[in-house]
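A short write-up of the structure that comes next.
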Amino acid sequence: MDLNERLLRQIEFSDTLDGLKTVLRRNLIMDGSRRENSAEHSWHMSVMSMFLMEYAPDGVDQCHVMKMMLIHDVVEIDADDTFCYDTKGYEDKAEREQAAADRIFGLLPEDQERGMRALWDEFEACETLDARFANSLDRFQVLLQNMQTGGGTWSLYNIPKSRVLVRMGQVQQGAPKLWPVVLEMLDRAVRQGMLVDDTSEADR
């Protein structure tokens, strides 16, 4: 079979994508039996965007959000997953991920590289309506995981409520209809001993 250069580049990109299945995140899957991998996370978020669209602000493009969800963590094939509460890891996260994006998306034919890279850049910049909603679901999915696993990473890494509130703040901006649900869940997590409440009365 004579494969042309375009198809060879597409196959190389496809083969490279398989590496996302081996990237382990800190978060546990819902039954608490093991850590989630980044490919599973991306799939979960994409499906969530289908059935949670009713909580999106007016004007959000569902198909566009799904595309961002599916490729937003592709760079972790090279850069690995950086735990969201790892301040040391965040010092060079952007640099590592930009280099990974250059290499991985660069495997594609030029026209497809531009399209895929634009989606990733948009998600990272978090400036458009679609990107803000996508980032909100990225936070919301982890909240649900931690609630289902008895505190999950909050308990494992002693993350207090104040830090979770900062992390979840994106939901207030990108999916405001879900924000009251976030606050109720965090209050419940405190009551059930899954989360330490270090916020002052003025912050509550």
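For the structure tokens, the naming scheme is as follows: chains receive sequential letters (A, B, ...) according to their order of presentation, residues are indexed from 1 within each chain, and ligands are indexed from 1 in presentation order.
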
Using only C-alpha atoms, which protein or nucleic acid residues come within 10 Å of Thr153 (chain A)? Drop anything in the same chain fewer than 6 positions from it, and give the result as a short mmCIF file (atom, residue, chain, number, x, y, z; two decimals) with C-alpha atoms, in the first residue's frame.
```cif
data_model
loop_
_atom_site.label_atom_id
_atom_site.label_comp_id
_atom_site.auth_asym_id
_atom_site.auth_seq_id
_atom_site.Cartn_x
_atom_site.Cartn_y
_atom_site.Cartn_z
CA ARG A 26 -4.00 12.48 40.67
CA ASN A 27 -7.78 12.14 40.68
CA LEU A 28 -9.41 8.80 41.41
CA PHE A 83 -1.53 18.50 39.71
CA TYR A 85 -2.44 22.32 43.56
CA VAL A 142 -12.94 16.93 39.45
CA LEU A 143 -15.32 18.29 42.09
CA GLN A 145 -14.87 12.90 41.57
CA ASN A 146 -13.71 14.20 44.93
CA MET A 147 -17.25 14.17 46.30
CA ILE A 159 -6.10 20.69 50.41
CA MET A 194 -14.00 15.52 53.46
#
```

Inset, instruction - If you run DSSP over the backbone, which residues in region 52-204 of chain A end up alpha helix (DSSP H)? Put them as a PyMOL selection string. - result: chain A and resi 62-71+76-79+93-105+110-125+129-148+152-156+161-174+179-191

Near region 53-60 of chain A, 7 Å: region 119-151 of chain A residue rows, closest pairs, only C-alpha atoms, as CSV:
```
residue,atom,partner,partner_atom,distance
A:Leu129,CA,A:Val60,CA,6.2
A:Asp130,CA,A:Val60,CA,5.3
A:Phe133,CA,A:Ala56,CA,6.6
```

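Shell of region 114-126 of chain A at 7 Å, with only C-alpha atoms counted and residues fewer than 6 places along the chain excluded, is Met68, Ile71, His72, Phe105 and Arg132 of chain A.
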
Inset, instruction - Pick out the closest residue to Gln148 (chain A) from this set: A:Ala101, A:Val181, A:Leu186, A:Met30. Count only C-alpha atoms. - result: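 Using only C-alpha atoms, the shortest distance to Gln148 (chain A) belongs to A:Met30.
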
Inset, instruction - Would you list the contacts of region 7-14 of chain A as a list of chain:residue names, taking every protein, DNA or RNA residue within 10 Å and counting only C-alpha atoms, but skipping same-chain residues closer than 5 positions in sequence? - result: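 In the requested format, the answer is A:Gly19, A:Ile104, A:Phe105, A:Gly106, A:Leu107, A:Leu108, A:Pro109, A:Glu110, A:Gln112.
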
Inset, instruction - Assign secondary structure with DSSP using the backbone only, and return the residues of region 15-185 of chain A in strand (DSSP E or B) as a list of chain:residue names. - result: A:Leu24, A:Arg25, A:Arg26, A:Asn27, A:Leu28, A:Arg35, A:Glu36, A:Asn37

Inset, instruction - Could you tell me which of A:Arg96, A:Lys88, A:Arg103, A:His64 comes closest to Met50 (chain A) if we count only C-alpha atoms? - result: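 Looking only at the distances to Met50 (chain A), the closest residue turns out to be A:His64.
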
Legend entry - Straight-line distance linking CA of Val47 (chain A) with CA of Met66 (chain A), stated in Å to one decimal: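 Between these atoms lies a distance of 7.7 Å.
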